[in-house]
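Asker: Structure supplied as protein_35.pdb; contents: PDB, C-alpha atoms.
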MODEL        1
ATOM      1  CA  MET B   1       0.000   0.000   0.000
ATOM      2  CA  ARG B   2       1.318   3.445  -0.907
ATOM      3  CA  VAL B   3       1.074   5.859   2.017
ATOM      4  CA  TYR B   4       1.829   9.548   2.145
ATOM      5  CA  VAL B   5       3.609  10.703   5.283
ATOM      6  CA  PRO B   6       3.223  14.392   6.186
ATOM      7  CA  LEU B   7       6.408  16.052   7.420
ATOM      8  CA  THR B   8       8.152  19.391   7.550
ATOM      9  CA  LEU B   9      11.666  20.079   6.285
ATOM     10  CA  SER B  10      13.003  19.710   9.828
ATOM     11  CA  GLY B  11      11.030  16.447  10.144
ATOM     12  CA  LEU B  12      12.594  15.240   6.898
ATOM     13  CA  ALA B  13      16.020  16.201   8.258
ATOM     14  CA  GLU B  14      15.320  14.140  11.388
ATOM     15  CA  ALA B  15      14.177  11.169   9.291
ATOM     16  CA  TYR B  16      17.343  11.476   7.199
ATOM     17  CA  LYS B  17      19.473  11.533  10.357
ATOM     18  CA  THR B  18      17.736   8.551  11.997
ATOM     19  CA  GLY B  19      16.985   6.651   8.791
ATOM     20  CA  GLU B  20      13.333   6.190   9.819
ATOM     21  CA  LEU B  21      10.019   7.870   9.109
ATOM     22  CA  GLY B  22       8.114   8.775  12.252
ATOM     23  CA  ALA B  23       7.903   7.230  15.678
ATOM     24  CA  ALA B  24       5.550   4.279  15.436
ATOM     25  CA  PRO B  25       2.647   4.398  15.307
ATOM     26  CA  PHE B  26       2.342   7.465  13.115
ATOM     27  CA  VAL B  27      -0.302   9.047  10.905
ATOM     28  CA  ALA B  28      -0.096   8.867   7.139
ATOM     29  CA  TYR B  29      -2.630   9.099   4.306
ATOM     30  CA  ALA B  30      -3.657   6.504   1.734
ATOM     31  CA  VAL B  31      -6.447   5.482  -0.584
ATOM     32  CA  THR B  32      -8.897   4.149   1.989
ATOM     33  CA  PRO B  33     -12.470   2.939   1.376
ATOM     34  CA  ALA B  34     -13.763   6.192   2.889
ATOM     35  CA  LEU B  35     -11.558   8.283   0.590
ATOM     36  CA  ARG B  36     -12.850   6.304  -2.406
ATOM     37  CA  GLU B  37     -16.438   6.889  -1.295
ATOM     38  CA  TRP B  38     -15.890  10.579  -0.611
ATOM     39  CA  TYR B  39     -14.245  11.294  -3.993
ATOM     40  CA  VAL B  40     -16.561   8.917  -5.898
ATOM     41  CA  SER B  41     -13.815   7.877  -8.265
ATOM     42  CA  ASP B  42     -12.316   4.642  -9.534
ATOM     43  CA  ASP B  43      -9.284   6.392 -11.045
ATOM     44  CA  ILE B  44      -6.414   5.267  -8.815
ATOM     45  CA  GLU B  45      -4.166   8.158  -9.895
ATOM     46  CA  GLU B  46      -6.860  10.659  -8.944
ATOM     47  CA  LEU B  47      -7.360   8.927  -5.595
ATOM     48  CA  GLU B  48      -3.593   8.821  -4.910
ATOM     49  CA  TYR B  49      -3.462  12.547  -5.671
ATOM     50  CA  ALA B  50      -6.302  13.131  -3.196
ATOM     51  CA  ALA B  51      -4.392  11.175  -0.518
ATOM     52  CA  LEU B  52      -1.262  13.217  -1.289
ATOM     53  CA  ASN B  53      -3.254  16.431  -0.848
ATOM     54  CA  ARG B  54      -4.657  15.204   2.483
ATOM     55  CA  ALA B  55      -1.071  14.613   3.619
ATOM     56  CA  ALA B  56      -0.089  18.086   2.396
ATOM     57  CA  LEU B  57      -2.828  19.590   4.581
ATOM     58  CA  ALA B  58      -1.522  17.561   7.524
ATOM     59  CA  SER B  59       1.974  18.908   6.776
ATOM     60  CA  LEU B  60       0.521  22.416   6.978
ATOM     61  CA  ARG B  61      -0.752  21.575  10.466
ATOM     62  CA  LEU B  62       2.692  20.263  11.450
ATOM     63  CA  LEU B  63       4.182  23.566  10.288
ATOM     64  CA  ALA B  64       1.866  25.356  12.723
ATOM     65  CA  GLY B  65       3.762  23.572  15.498
ATOM     66  CA  GLU B  66       7.112  24.837  14.189
ATOM     67  CA  PRO B  67       7.032  28.621  14.501
ATOM     68  CA  GLY B  68      10.587  29.030  13.158
ATOM     69  CA  GLY B  69      10.376  26.322  10.498
ATOM     70  CA  VAL B  70      10.713  26.863   6.768
ATOM     71  CA  ARG B  71       7.213  27.320   5.372
ATOM     72  CA  ARG B  72       7.146  24.466   2.873
ATOM     73  CA  ARG B  73       4.901  21.438   3.012
ATOM     74  CA  VAL B  74       6.656  18.066   2.790
ATOM     75  CA  VAL B  75       5.134  14.670   2.012
ATOM     76  CA  VAL B  76       7.064  11.409   1.705
ATOM     77  CA  ALA B  77       5.527   8.656  -0.433
ATOM     78  CA  VAL B  78       6.396   5.166   0.788
ATOM     79  CA  ASP B  79       5.104   1.660   0.194
ATOM     80  CA  VAL B  80       4.254  -0.401   3.275
ATOM     81  CA  PRO B  81       2.661  -3.845   3.666
ATOM     82  CA  ASP B  82      -1.153  -3.581   3.566
ATOM     83  CA  ARG B  83      -1.495  -4.757   7.175
ATOM     84  CA  ALA B  84       0.961  -2.089   8.376
ATOM     85  CA  ALA B  85      -1.427   0.809   7.609
ATOM     86  CA  VAL B  86      -4.898   0.741   9.138
ATOM     87  CA  ALA B  87      -7.758   3.228   8.866
ATOM     88  CA  ASP B  88      -9.889   3.894  11.953
ATOM     89  CA  PRO B  89     -13.374   2.613  11.015
ATOM     90  CA  ASP B  90     -15.003   4.902  13.582
ATOM     91  CA  ARG B  91     -13.644   7.972  11.784
ATOM     92  CA  GLY B  92     -14.249   6.682   8.268
ATOM     93  CA  LEU B  93     -16.433   9.487   6.935
ATOM     94  CA  ASP B  94     -15.207  12.236   9.243
ATOM     95  CA  PRO B  95     -14.037  14.845   6.704
ATOM     96  CA  ALA B  96     -11.040  15.656   8.901
ATOM     97  CA  ALA B  97      -9.887  12.030   8.800
ATOM     98  CA  LEU B  98     -10.442  11.140   5.123
ATOM     99  CA  GLY B  99      -7.619   8.927   3.935
ATOM    100  CA  GLU B 100      -6.003   8.872   7.359
ATOM    101  CA  VAL B 101      -4.228   5.661   8.366
ATOM    102  CA  ARG B 102      -2.019   4.657  11.274
ATOM    103  CA  VAL B 103       1.244   2.987  10.373
ATOM    104  CA  ALA B 104       2.050   0.466  13.072
ATOM    105  CA  GLY B 105       5.831   0.185  12.827
ATOM    106  CA  ALA B 106       8.820   2.292  11.963
ATOM    107  CA  VAL B 107       9.429   2.621   8.232
ATOM    108  CA  PRO B 108      12.985   2.949   6.923
ATOM    109  CA  LEU B 109      13.459   6.154   4.924
ATOM    110  CA  ALA B 110      15.301   3.977   2.403
ATOM    111  CA  LYS B 111      11.885   2.488   1.463
ATOM    112  CA  ALA B 112      10.589   5.896   0.333
ATOM    113  CA  ALA B 113       9.494   6.096  -3.289
ATOM    114  CA  ALA B 114       9.620   9.899  -3.580
ATOM    115  CA  VAL B 115       9.461  13.161  -1.663
ATOM    116  CA  HIS B 116       7.050  15.981  -2.497
ATOM    117  CA  VAL B 117       7.950  19.518  -1.380
ATOM    118  CA  ASP B 118       6.673  23.025  -2.055
ATOM    119  CA  ALA B 119       8.749  25.269  -4.305
ATOM    120  CA  ASP B 120      10.240  28.371  -2.707
ATOM    121  CA  ASP B 121       7.609  30.572  -4.383
ATOM    122  CA  ALA B 122       4.945  28.868  -2.233
ATOM    123  CA  GLU B 123       6.450  29.960   1.093
ATOM    124  CA  ALA B 124       4.429  33.186   1.477
ATOM    125  CA  ASP B 125       1.114  31.438   0.757
ATOM    126  CA  VAL B 126       2.024  28.492   3.003
ATOM    127  CA  ALA B 127       2.998  30.887   5.819
ATOM    128  CA  ALA B 128      -0.326  32.724   5.420
ATOM    129  CA  ALA B 129      -2.196  29.390   5.441
ATOM    130  CA  VAL B 130      -0.422  28.290   8.635
ATOM    131  CA  ALA B 131      -1.394  31.581  10.286
ATOM    132  CA  ALA B 132      -5.030  31.183   9.181
ATOM    133  CA  LEU B 133      -5.504  27.541  10.250
ATOM    134  CA  GLY B 134      -7.003  28.299  13.671
ATOM    135  CA  ALA B 135      -9.587  30.714  12.333
ATOM    136  CA  ALA B 136     -10.422  28.378   9.441
ATOM    137  CA  ASP B 137     -10.982  25.531  11.903
ATOM    138  CA  HIS B 138     -13.517  27.752  13.695
ATOM    139  CA  GLY B 139     -15.544  28.376  10.542
ATOM    140  CA  ASP B 140     -14.023  31.634   9.252
ATOM    141  CA  ASP B 141     -14.621  31.508   5.480
ATOM    142  CA  ASP B 142     -11.971  34.129   4.710
ATOM    143  CA  ALA B 143      -9.384  32.163   6.677
ATOM    144  CA  GLN B 144     -10.431  28.958   4.890
ATOM    145  CA  PHE B 145      -9.868  30.747   1.580
ATOM    146  CA  VAL B 146      -6.311  31.567   2.721
ATOM    147  CA  VAL B 147      -5.707  27.949   3.790
ATOM    148  CA  ASP B 148      -7.041  26.722   0.456
ATOM    149  CA  GLY B 149      -4.602  29.113  -1.254
ATOM    150  CA  ALA B 150      -1.708  26.878  -0.226
ATOM    151  CA  GLU B 151      -3.312  24.103  -2.282
ATOM    152  CA  ASP B 152      -2.924  26.279  -5.383
ATOM    153  CA  HIS B 153       0.758  25.330  -5.259
ATOM    154  CA  GLU B 154       1.554  21.896  -6.624
ATOM    155  CA  LEU B 155       4.086  19.977  -4.579
ATOM    156  CA  LEU B 156       7.228  19.268  -6.562
ATOM    157  CA  TRP B 157       8.418  15.674  -6.978
ATOM    158  CA  PHE B 158      11.913  14.750  -5.814
ATOM    159  CA  ALA B 159      13.757  11.447  -6.067
ATOM    160  CA  THR B 160      14.940   9.980  -2.793
ATOM    161  CA  GLN B 161      18.543  10.640  -3.866
ATOM    162  CA  GLU B 162      17.733  14.347  -3.580
ATOM    163  CA  ILE B 163      16.837  14.152   0.130
ATOM    164  CA  PRO B 164      20.284  15.428   1.264
ATOM    165  CA  ASN B 165      19.749  18.594  -0.814
ATOM    166  CA  LEU B 166      16.221  19.040   0.571
ATOM    167  CA  VAL B 167      17.477  18.581   4.129
ATOM    168  CA  GLY B 168      19.890  21.452   3.461
ATOM    169  CA  LEU B 169      16.866  23.746   2.976
ATOM    170  CA  ALA B 170      15.815  23.155   6.608
ATOM    171  CA  GLY B 171      18.961  24.697   8.056
TER     172      GLY B 171
ENDMDL
END
Let me see the structure of the file written as C-alpha cells.
Answerer:
Amino acid sequence: MRVYVPLTLSGLAEAYKTGELGAAPFVAYAVTPALREWYVSDDIEELEYAALNRAALASLRLLAGEPGGVRRRVVVAVDVPDRAAVADPDRGLDPAALGEVRVAGAVPLAKAAAVHVDADDAEADVAAAVAALGAADHGDDDAQFVVDGAEDHELLWFATQEIPNLVGLAG
C-alpha cells in the first residue's frame, strides 16, 4: 500500500538523520475505502493525488507547530505492507480524517518512493495558510480561503537521492 507521510523540512532532516520515518505508530494518508467513497472515483491516480493532498494539509498543520520552520509542506511517499497501515473505522467518513491511516511500525526512509515539497515561491502562501488555520478551523470563510490558497501550489516531486539537498533547505 502506498502511504503519504506528512512532514516538515526539519522532520525530513530528522528522518534522514535517523533513517526512519516517524515514531511508530504514526499518521499517514492513503487510498482508503472512505476516501474512495468521498471522492466517488475509480481512477487510482486521482485517488492517490487526493491522498497526497490530504497529507499536504496535515503537513501544513505540522508547520503550525514549528514557529521558526521553513514554510514548505513536505510529504514522503512510501510503500508499506497492507497490514501495516490501518484506517480507523469509527472515523471513516469524518471529513477531517479522510484517507487517514495509522502505520504500526517504523518505516525505513530507504523504502521511500519519492518526496514531495513546495517550491520556494509557495512559502508566502504556506505561511499565510499556517497563520489562518485556527480561524479556518472555527468556521471563518476568509481564513479557509487563505488555507485553500496553499493548495494552489503543486508539490514538486523529488527522487529519494535528492533528500540530502532538501534537508539542506531546513537549516
Asker: Which polymer residues have any atom within 12 Å of an atom of stretch 34-39 of chain B, counting all atoms listed in the file, with same-chain residues fewer than 3 positions away left out, as a ChimeraX atom specification?
Answerer: /B:29-31,42-54,87-101
Asker: Can you build me a table of stretch 63-83 of chain B residues sitting at most 9 Å from stretch 12-28 of chain B, with the closest atom pair per residue and its distance in Å to one decimal, using all atoms listed in the file, sorted by chain and residue number, as JSON lines?
Answerer:
{"residue": "B:Val74", "atom": "CA", "partner": "B:Leu12", "partner_atom": "CA", "distance": 7.8}
{"residue": "B:Val75", "atom": "CA", "partner": "B:Leu12", "partner_atom": "CA", "distance": 8.9}
{"residue": "B:Val76", "atom": "CA", "partner": "B:Leu12", "partner_atom": "CA", "distance": 8.5}
Asker: Report, in Å to a single decimal, how far apart atom CA of B:Pro108 and atom CA of B:Ala85 are.
Answerer: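 So the two atoms, atom CA of B:Ala85 and atom CA of B:Pro108, lie 14.6 Å apart.
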Asker: Pick the closest to B:Gly69 from B:Leu9, B:Ala104, B:Ser41, B:Val130: which is it, counting only C-alpha atoms?
Answerer: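 Among the listed residues, B:Leu9 lies closest to B:Gly69.
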Asker: Restricting the calculation to all atoms listed in the file, which member of B:Pro6, B:Gly11, B:Gly68, B:Pro81 is positioned closest to B:Ala55?
Answerer: B:Pro6
Asker: As an exercise, work out the distance from atom CA of B:Trp157 to atom CA of B:Ala113 in Å and give it to one decimal place.
Answerer: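 Computing the Euclidean distance for atom CA of B:Trp157 and atom CA of B:Ala113 yields 10.3 Å.
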Asker: So, counting only C-alpha atoms, which residue among B:Glu162, B:Pro67, B:Leu155, B:Pro33 is closest to B:Ala127?
Answerer: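 Going through B:Glu162, B:Pro67, B:Leu155, B:Pro33 one by one, the smallest distance to B:Ala127 is for B:Pro67.
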Asker: Quick one: residues within 10 Å of B:Ala64, all atoms listed in the file, excluding same-chain residues fewer than 2 positions away - as a PyMOL selection string?
Answerer: chain B and resi 58-62+66-69+71+127+129-134
Asker: Save the residues we just selected, C-alpha atoms, as an mmCIF file, keeping the file's coordinate frame?
Answerer:
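File produced: result-v9.cif:
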data_model
loop_
_atom_site.group_PDB
_atom_site.id
_atom_site.type_symbol
_atom_site.label_atom_id
_atom_site.label_comp_id
_atom_site.auth_asym_id
_atom_site.auth_seq_id
_atom_site.Cartn_x
_atom_site.Cartn_y
_atom_site.Cartn_z
ATOM 1 C CA ALA B 58 -1.522 17.561 7.524
ATOM 2 C CA SER B 59 1.974 18.908 6.776
ATOM 3 C CA LEU B 60 0.521 22.416 6.978
ATOM 4 C CA ARG B 61 -0.752 21.575 10.466
ATOM 5 C CA LEU B 62 2.692 20.263 11.450
ATOM 6 C CA GLU B 66 7.112 24.837 14.189
ATOM 7 C CA PRO B 67 7.032 28.621 14.501
ATOM 8 C CA GLY B 68 10.587 29.030 13.158
ATOM 9 C CA GLY B 69 10.376 26.322 10.498
ATOM 10 C CA ARG B 71 7.213 27.320 5.372
ATOM 11 C CA ALA B 127 2.998 30.887 5.819
ATOM 12 C CA ALA B 129 -2.196 29.390 5.441
ATOM 13 C CA VAL B 130 -0.422 28.290 8.635
ATOM 14 C CA ALA B 131 -1.394 31.581 10.286
ATOM 15 C CA ALA B 132 -5.030 31.183 9.181
ATOM 16 C CA LEU B 133 -5.504 27.541 10.250
ATOM 17 C CA GLY B 134 -7.003 28.299 13.671
#
Asker: Around (-10.9, 29.3, 3.7), as given in the file, which residues come within 10 Å? Count all atoms listed in the file and list them as a PyMOL selection string.
Answerer: chain B and resi 129+132-133+135-137+139-149
Asker: In Å to one decimal, how far is atom CA of B:Gln161 from atom CA of B:Thr8?
Answerer: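 Between these atoms lies a distance of 17.7 Å.
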Asker: Give me the residues within 9 Å of B:Asp82 as a count of residues only, counting only C-alpha atoms and dropping any in the same chain fewer than 3 places off.
Answerer: 5
Asker: Name the closest residue to B:Leu109 among the candidates B:Val5, B:Leu57, B:Ala122, B:Ala150; distances are taken between atoms, counting only C-alpha atoms.
Answerer: B:Val5
